[in-house]
Amino acid sequence: MRKDGIFIGIEVDDALAGDAEAVARLEEACPVDIYAQTERGGLEIVAENIDECVLCRLCLDATPQGGVRVLKLYDHEAALA
Amino acid sequence: MRFFEYEAREIVKRAGIPVTDFGFARTAAEAREIAERIGGPTVIKSQVLTGGRMKAGGVKFAEGPEEAEGHAATILELQINGHVPRGVLVDPRAEVKQEYYAGVVWDGIREQPVMLFSDMGGIDIEEVAATHPDHVGRGHFSNLVSVSDFQAKQVIAQTGVTGSALTRITPILARLARLFSERDMTLAEINPLGETGDAKFVALDAHMEMENEARPRQRALLSELGVGDEETRQAREPTEFELAGEAVDAQDHRGVAGNVTEFDGDLGLVIGAGGGSLTLFDAVRKYGGRPANYCEIGGNPSVAKACGLAKLVLTKPGVDKIAVMMSIVSNTRVDIVARGVIKACLELDMDPAEKIAIFRIPGAWEEEGFKILDHYGVDYADRRVSLHEAARRAVEKIQGAAASEGDGADAPRVDGRTSGEVTEV
């Protein structure tokens, strides 16, 4: 799944988005609450918080490589590495 | 923040400085009761946070309680400079042999408080200083060490006061200086300090102003005086624009994006960083610009907060462009502020390249910030462009290329137009 703000885009692997444990880790890791867990354990990307992303990489560290991509929309969609 | 006279007198009294047997009344009937308690002639003084009370009829003299009640009723109905009186102060009319002035004020140049004393009280100290400078004593002191009586004595002695008067006034000025430090005042003034017929000294009027940021630290005092959190006690009531600025700043805990003051110009300012706001505001005016507002941004506000502030300024009637400027930042991210102000433009259906006259915030995460600004075509500058030059460019943009060339002769000279090319020389 992918959701874009004005400056930042968030792309999460569909399998990961359905993994309740991984989603819980994302929710806990993000300091600006971009990731939230739905009642059924799935992932919600909180649209209003996407542009608050501080490029901290904590979501990348909390998930398997490639599971989450943080894209800088102002920089040719460069992915946070 | 300012205090009413009756509060200032109470603060003085608590500091151990003799005051008259005054009372505060919210109604004419209360004023009568106080006058009855005092017995004898009284002075009825309007309690407003503005000057010119005497001229406006806000100070009246009464021979007895009945007259005091009548005067209080009149004064309570009297607005002075648009201020409705909080109440009246009922004061015994003192027989005064001589009036003095005692004050402590913050000296922004020395960055220290300064004690002031004059043996010519009852009139403005500025007037005395201009016409009779030899009648004004001065002495700076440290806020870190408690001021001694000896320091106060030296200040008083400069005016030629000697003997018993010098001995009796010394603790009053010293206590006023300690009060100033302990209560976070920016001004503590007793004028006049009266010498009564029996050679006693008593505060006949007091004026206190406290650092606004000290309110949490002085909460106990404010609570005892009955000053509510909702009372701004500023020189004027905040405008709707300023209240909206407070609301933006209060929307979350991250950083600061507020402290907005409204002006009537056409250049909106999103400014801040360690005194940068004041410097930039002055710089804009120096180059002939007309700021639409003052504000402070810093401490790494969220994108939403920076956006909220920029939106508020952009939508202020009369604002043509905004200038986003700070001195070099370490605790505020350039890219976050850039996102905030650009988002504001986009959400208002405005072109950031057109509406942002200049973006000059060097510091943390500037490379990322500059990428964002490049993407939206916003004119920006890095640390090689001085604050003054950035302000000049903003004014030039809003007034046209011809503006401000003449009066900027003493400004720092900067070559180039954009961040990658400029070199300060």
# chains A, B, ... in the order shown; residues from 1 in each chain; ligands from 1
$ interface_residues --of "chain A" --to "chain B" --cutoff "8 Å" --atoms "only C-alpha atoms" --output "ChimeraX atom specification"
/A:6-7,51-52,54,74-75
$ residues_around --residues "range 31-43 of chain A" --least-positions-apart "2" --cutoff "6 Å" --atoms "only C-alpha atoms" --output "MDAnalysis selection string"
chainID A and resid 17:18 20 23 27 45:46 49:50
$ closest_atom_pairs --of "range 138-233 of chain B" --to "range 18-40 of chain B" --cutoff "9 Å" --atoms "only C-alpha atoms" --output "CSV"
residue,atom,partner,partner_atom,distance
B:Ile172,CA,B:Pro18,CA,8.1
B:Lys200,CA,B:Pro18,CA,8.9
B:Phe201,CA,B:Pro18,CA,7.1
B:Val202,CA,B:Pro18,CA,5.0
B:Ala203,CA,B:Val19,CA,4.8
B:Leu204,CA,B:Val19,CA,6.7
B:Asp205,CA,B:Val19,CA,8.6
$ closest_residue --among "B:Gly318, B:Pro216, B:Gly121, B:Gly103" --to "Glu195 in chain B" --atoms "only C-alpha atoms"
B:Gly121
$ select_by_dssp --residues "chain A" --states "strand (DSSP E or B)" --output "list in words"
Arg2, Lys3, Asp4, Ile8, Gly9, Ile10, Glu11, Val12, Tyr35, Ala36, Gln37, Leu43, Glu44, Ile45, Val68, Arg69, Val70, Leu71, Lys72, Ala78 and Ala79 of chain A
$ atom_distance --atom1 "CA of Lys72 in chain A" --atom2 "CA of Gly9 in chain A"
6.5 Å
$ select_by_dssp --residues "range 76-292 of chain B" --states "helix (DSSP H, G or I)" --output "PyMOL selection string"
chain B and resi 76+125-131+133-135+149-157+163-182+212-214+219-225+240-250+276-286
$ residues_around --residues "Arg69 in chain A" --least-positions-apart "4" --cutoff "9 Å" --atoms "only C-alpha atoms" --output "PDB file with N, CA and C atoms, in the first residue's frame"
ATOM      1  N   GLY A   9       6.206  10.336   0.604  1.00  0.00           N
ATOM      2  CA  GLY A   9       5.343   9.217   0.270  1.00  0.00           C
ATOM      3  C   GLY A   9       5.745   8.013   1.111  1.00  0.00           C
ATOM      4  N   ILE A  10       4.765   7.245   1.517  1.00  0.00           N
ATOM      5  CA  ILE A  10       5.049   6.052   2.328  1.00  0.00           C
ATOM      6  C   ILE A  10       4.536   4.831   1.567  1.00  0.00           C
ATOM      7  N   GLU A  11       5.414   3.880   1.375  1.00  0.00           N
ATOM      8  CA  GLU A  11       5.040   2.659   0.669  1.00  0.00           C
ATOM      9  C   GLU A  11       5.341   1.474   1.577  1.00  0.00           C
ATOM     10  N   VAL A  12       4.334   0.675   1.835  1.00  0.00           N
ATOM     11  CA  VAL A  12       4.508  -0.481   2.724  1.00  0.00           C
ATOM     12  C   VAL A  12       4.104  -1.740   1.970  1.00  0.00           C
ATOM     13  N   ASP A  13       4.967  -2.697   2.068  1.00  0.00           N
ATOM     14  CA  ASP A  13       4.709  -3.987   1.424  1.00  0.00           C
ATOM     15  C   ASP A  13       3.382  -4.562   1.935  1.00  0.00           C
ATOM     16  N   CYS A  59      11.326   3.501  11.132  1.00  0.00           N
ATOM     17  CA  CYS A  59      10.375   2.546  10.543  1.00  0.00           C
ATOM     18  C   CYS A  59      11.116   1.532   9.675  1.00  0.00           C
ATOM     19  N   LEU A  60      12.204   1.989   9.026  1.00  0.00           N
ATOM     20  CA  LEU A  60      12.982   1.062   8.203  1.00  0.00           C
ATOM     21  C   LEU A  60      13.675   0.032   9.104  1.00  0.00           C
ATOM     22  N   ALA A  79      14.359   7.321  -2.361  1.00  0.00           N
ATOM     23  CA  ALA A  79      13.951   6.547  -1.185  1.00  0.00           C
ATOM     24  C   ALA A  79      14.952   6.731  -0.058  1.00  0.00           C
ATOM     25  N   LEU A  80      14.426   6.875   1.141  1.00  0.00           N
ATOM     26  CA  LEU A  80      15.285   6.974   2.317  1.00  0.00           C
ATOM     27  C   LEU A  80      16.012   5.642   2.473  1.00  0.00           C
ATOM     28  N   ALA A  81      17.319   5.722   2.567  1.00  0.00           N
ATOM     29  CA  ALA A  81      18.097   4.470   2.629  1.00  0.00           C
ATOM     30  C   ALA A  81      18.510   4.178   4.056  1.00  0.00           C
TER      31      ALA A  81
END
$ residues_around --residues "Phe4 in chain B" --least-positions-apart "4" --cutoff "12 Å" --atoms "only C-alpha atoms" --output "VMD selection string"
chain B and resid 8 to 11 24 45 to 51 85 to 89 205 to 210 225 to 227 233 to 234
$ residues_around --residues "Lys60 in chain B" --least-positions-apart "4" --cutoff "7 Å" --atoms "only C-alpha atoms" --output "JSON, numbers by chain"
{"B": [43, 44, 45, 71]}
$ decode --residues "range 214-227 of chain B" --atoms "all heavy atoms" --output "PDB file, in the first residue's frame"
ATOM      1  N   ALA B 214       7.983  35.029  33.206  1.00  0.00           N
ATOM      2  CA  ALA B 214       8.168  34.621  34.606  1.00  0.00           C
ATOM      3  C   ALA B 214       6.851  34.225  35.272  1.00  0.00           C
ATOM      4  O   ALA B 214       6.846  33.830  36.430  1.00  0.00           O
ATOM      5  CB  ALA B 214       8.816  35.761  35.388  1.00  0.00           C
ATOM      6  N   ARG B 215       5.772  34.315  34.539  1.00  0.00           N
ATOM      7  CA  ARG B 215       4.473  34.047  35.167  1.00  0.00           C
ATOM      8  C   ARG B 215       4.399  32.683  35.838  1.00  0.00           C
ATOM      9  O   ARG B 215       3.900  32.587  36.964  1.00  0.00           O
ATOM     10  CB  ARG B 215       3.345  34.198  34.142  1.00  0.00           C
ATOM     11  CG  ARG B 215       3.102  35.648  33.763  1.00  0.00           C
ATOM     12  CD  ARG B 215       1.975  35.785  32.784  1.00  0.00           C
ATOM     13  NE  ARG B 215       0.690  35.603  33.439  1.00  0.00           N
ATOM     14  CZ  ARG B 215      -0.376  36.347  33.181  1.00  0.00           C
ATOM     15  NH1 ARG B 215      -0.319  37.306  32.281  1.00  0.00           N
ATOM     16  NH2 ARG B 215      -1.517  36.127  33.784  1.00  0.00           N
ATOM     17  N   PRO B 216       4.900  31.612  35.190  1.00  0.00           N
ATOM     18  CA  PRO B 216       4.839  30.324  35.894  1.00  0.00           C
ATOM     19  C   PRO B 216       5.636  30.330  37.206  1.00  0.00           C
ATOM     20  O   PRO B 216       5.203  29.774  38.208  1.00  0.00           O
ATOM     21  CB  PRO B 216       5.455  29.347  34.883  1.00  0.00           C
ATOM     22  CG  PRO B 216       5.292  30.008  33.555  1.00  0.00           C
ATOM     23  CD  PRO B 216       5.414  31.476  33.826  1.00  0.00           C
ATOM     24  N   ARG B 217       6.800  30.983  37.180  1.00  0.00           N
ATOM     25  CA  ARG B 217       7.633  31.002  38.387  1.00  0.00           C
ATOM     26  C   ARG B 217       6.998  31.850  39.493  1.00  0.00           C
ATOM     27  O   ARG B 217       7.195  31.584  40.667  1.00  0.00           O
ATOM     28  CB  ARG B 217       9.021  31.561  38.023  1.00  0.00           C
ATOM     29  CG  ARG B 217      10.000  31.438  39.154  1.00  0.00           C
ATOM     30  CD  ARG B 217      11.402  31.443  38.705  1.00  0.00           C
ATOM     31  NE  ARG B 217      11.775  32.656  37.986  1.00  0.00           N
ATOM     32  CZ  ARG B 217      12.961  32.833  37.442  1.00  0.00           C
ATOM     33  NH1 ARG B 217      13.855  31.879  37.519  1.00  0.00           N
ATOM     34  NH2 ARG B 217      13.263  33.942  36.809  1.00  0.00           N
ATOM     35  N   GLN B 218       6.243  32.849  39.113  1.00  0.00           N
ATOM     36  CA  GLN B 218       5.631  33.733  40.105  1.00  0.00           C
ATOM     37  C   GLN B 218       4.149  33.396  40.317  1.00  0.00           C
ATOM     38  O   GLN B 218       3.368  34.240  40.763  1.00  0.00           O
ATOM     39  CB  GLN B 218       5.781  35.199  39.654  1.00  0.00           C
ATOM     40  CG  GLN B 218       7.212  35.661  39.486  1.00  0.00           C
ATOM     41  CD  GLN B 218       7.997  35.667  40.788  1.00  0.00           C
ATOM     42  OE1 GLN B 218       7.430  35.605  41.873  1.00  0.00           O
ATOM     43  NE2 GLN B 218       9.319  35.713  40.688  1.00  0.00           N
ATOM     44  N   ARG B 219       3.820  32.155  40.017  1.00  0.00           N
ATOM     45  CA  ARG B 219       2.417  31.746  40.090  1.00  0.00           C
ATOM     46  C   ARG B 219       1.792  32.004  41.474  1.00  0.00           C
ATOM     47  O   ARG B 219       0.659  32.465  41.585  1.00  0.00           O
ATOM     48  CB  ARG B 219       2.284  30.257  39.724  1.00  0.00           C
ATOM     49  CG  ARG B 219       0.850  29.792  39.575  1.00  0.00           C
ATOM     50  CD  ARG B 219       0.803  28.383  39.014  1.00  0.00           C
ATOM     51  NE  ARG B 219       1.335  28.308  37.665  1.00  0.00           N
ATOM     52  CZ  ARG B 219       0.683  28.640  36.570  1.00  0.00           C
ATOM     53  NH1 ARG B 219      -0.553  29.080  36.661  1.00  0.00           N
ATOM     54  NH2 ARG B 219       1.249  28.535  35.390  1.00  0.00           N
ATOM     55  N   ALA B 220       2.561  31.721  42.519  1.00  0.00           N
ATOM     56  CA  ALA B 220       2.015  31.879  43.875  1.00  0.00           C
ATOM     57  C   ALA B 220       1.654  33.336  44.139  1.00  0.00           C
ATOM     58  O   ALA B 220       0.564  33.636  44.643  1.00  0.00           O
ATOM     59  CB  ALA B 220       3.028  31.382  44.904  1.00  0.00           C
ATOM     60  N   LEU B 221       2.555  34.236  43.785  1.00  0.00           N
ATOM     61  CA  LEU B 221       2.293  35.662  43.995  1.00  0.00           C
ATOM     62  C   LEU B 221       1.071  36.106  43.198  1.00  0.00           C
ATOM     63  O   LEU B 221       0.169  36.784  43.715  1.00  0.00           O
ATOM     64  CB  LEU B 221       3.511  36.497  43.577  1.00  0.00           C
ATOM     65  CG  LEU B 221       3.297  38.009  43.575  1.00  0.00           C
ATOM     66  CD1 LEU B 221       3.189  38.547  44.994  1.00  0.00           C
ATOM     67  CD2 LEU B 221       4.412  38.732  42.814  1.00  0.00           C
ATOM     68  N   LEU B 222       1.040  35.689  41.926  1.00  0.00           N
ATOM     69  CA  LEU B 222      -0.067  36.097  41.054  1.00  0.00           C
ATOM     70  C   LEU B 222      -1.397  35.572  41.581  1.00  0.00           C
ATOM     71  O   LEU B 222      -2.417  36.259  41.555  1.00  0.00           O
ATOM     72  CB  LEU B 222       0.179  35.618  39.623  1.00  0.00           C
ATOM     73  CG  LEU B 222       1.418  36.220  38.935  1.00  0.00           C
ATOM     74  CD1 LEU B 222       1.622  35.598  37.556  1.00  0.00           C
ATOM     75  CD2 LEU B 222       1.293  37.726  38.805  1.00  0.00           C
ATOM     76  N   SER B 223      -1.346  34.339  42.093  1.00  0.00           N
ATOM     77  CA  SER B 223      -2.559  33.747  42.637  1.00  0.00           C
ATOM     78  C   SER B 223      -3.029  34.529  43.866  1.00  0.00           C
ATOM     79  O   SER B 223      -4.218  34.822  44.031  1.00  0.00           O
ATOM     80  CB  SER B 223      -2.265  32.281  42.980  1.00  0.00           C
ATOM     81  OG  SER B 223      -3.313  31.763  43.728  1.00  0.00           O
ATOM     82  N   GLU B 224      -2.084  34.891  44.718  1.00  0.00           N
ATOM     83  CA  GLU B 224      -2.448  35.648  45.925  1.00  0.00           C
ATOM     84  C   GLU B 224      -2.997  37.041  45.577  1.00  0.00           C
ATOM     85  O   GLU B 224      -3.839  37.568  46.280  1.00  0.00           O
ATOM     86  CB  GLU B 224      -1.226  35.781  46.843  1.00  0.00           C
ATOM     87  CG  GLU B 224      -0.898  34.482  47.564  1.00  0.00           C
ATOM     88  CD  GLU B 224       0.502  34.481  48.163  1.00  0.00           C
ATOM     89  OE1 GLU B 224       1.077  35.569  48.372  1.00  0.00           O
ATOM     90  OE2 GLU B 224       1.028  33.374  48.402  1.00  0.00           O
ATOM     91  N   LEU B 225      -2.503  37.589  44.484  1.00  0.00           N
ATOM     92  CA  LEU B 225      -2.993  38.908  44.063  1.00  0.00           C
ATOM     93  C   LEU B 225      -4.296  38.802  43.264  1.00  0.00           C
ATOM     94  O   LEU B 225      -4.910  39.806  42.938  1.00  0.00           O
ATOM     95  CB  LEU B 225      -1.940  39.615  43.201  1.00  0.00           C
ATOM     96  CG  LEU B 225      -0.649  40.052  43.895  1.00  0.00           C
ATOM     97  CD1 LEU B 225       0.352  40.585  42.879  1.00  0.00           C
ATOM     98  CD2 LEU B 225      -0.916  41.103  44.955  1.00  0.00           C
ATOM     99  N   GLY B 226      -4.667  37.565  42.920  1.00  0.00           N
ATOM    100  CA  GLY B 226      -5.905  37.353  42.159  1.00  0.00           C
ATOM    101  C   GLY B 226      -5.762  37.610  40.671  1.00  0.00           C
ATOM    102  O   GLY B 226      -6.738  37.924  39.988  1.00  0.00           O
ATOM    103  N   VAL B 227      -4.534  37.481  40.159  1.00  0.00           N
ATOM    104  CA  VAL B 227      -4.314  37.684  38.723  1.00  0.00           C
ATOM    105  C   VAL B 227      -4.523  36.346  38.013  1.00  0.00           C
ATOM    106  O   VAL B 227      -3.776  35.389  38.243  1.00  0.00           O
ATOM    107  CB  VAL B 227      -2.883  38.207  38.436  1.00  0.00           C
ATOM    108  CG1 VAL B 227      -2.685  38.425  36.943  1.00  0.00           C
ATOM    109  CG2 VAL B 227      -2.617  39.491  39.208  1.00  0.00           C
TER     110      VAL B 227
END
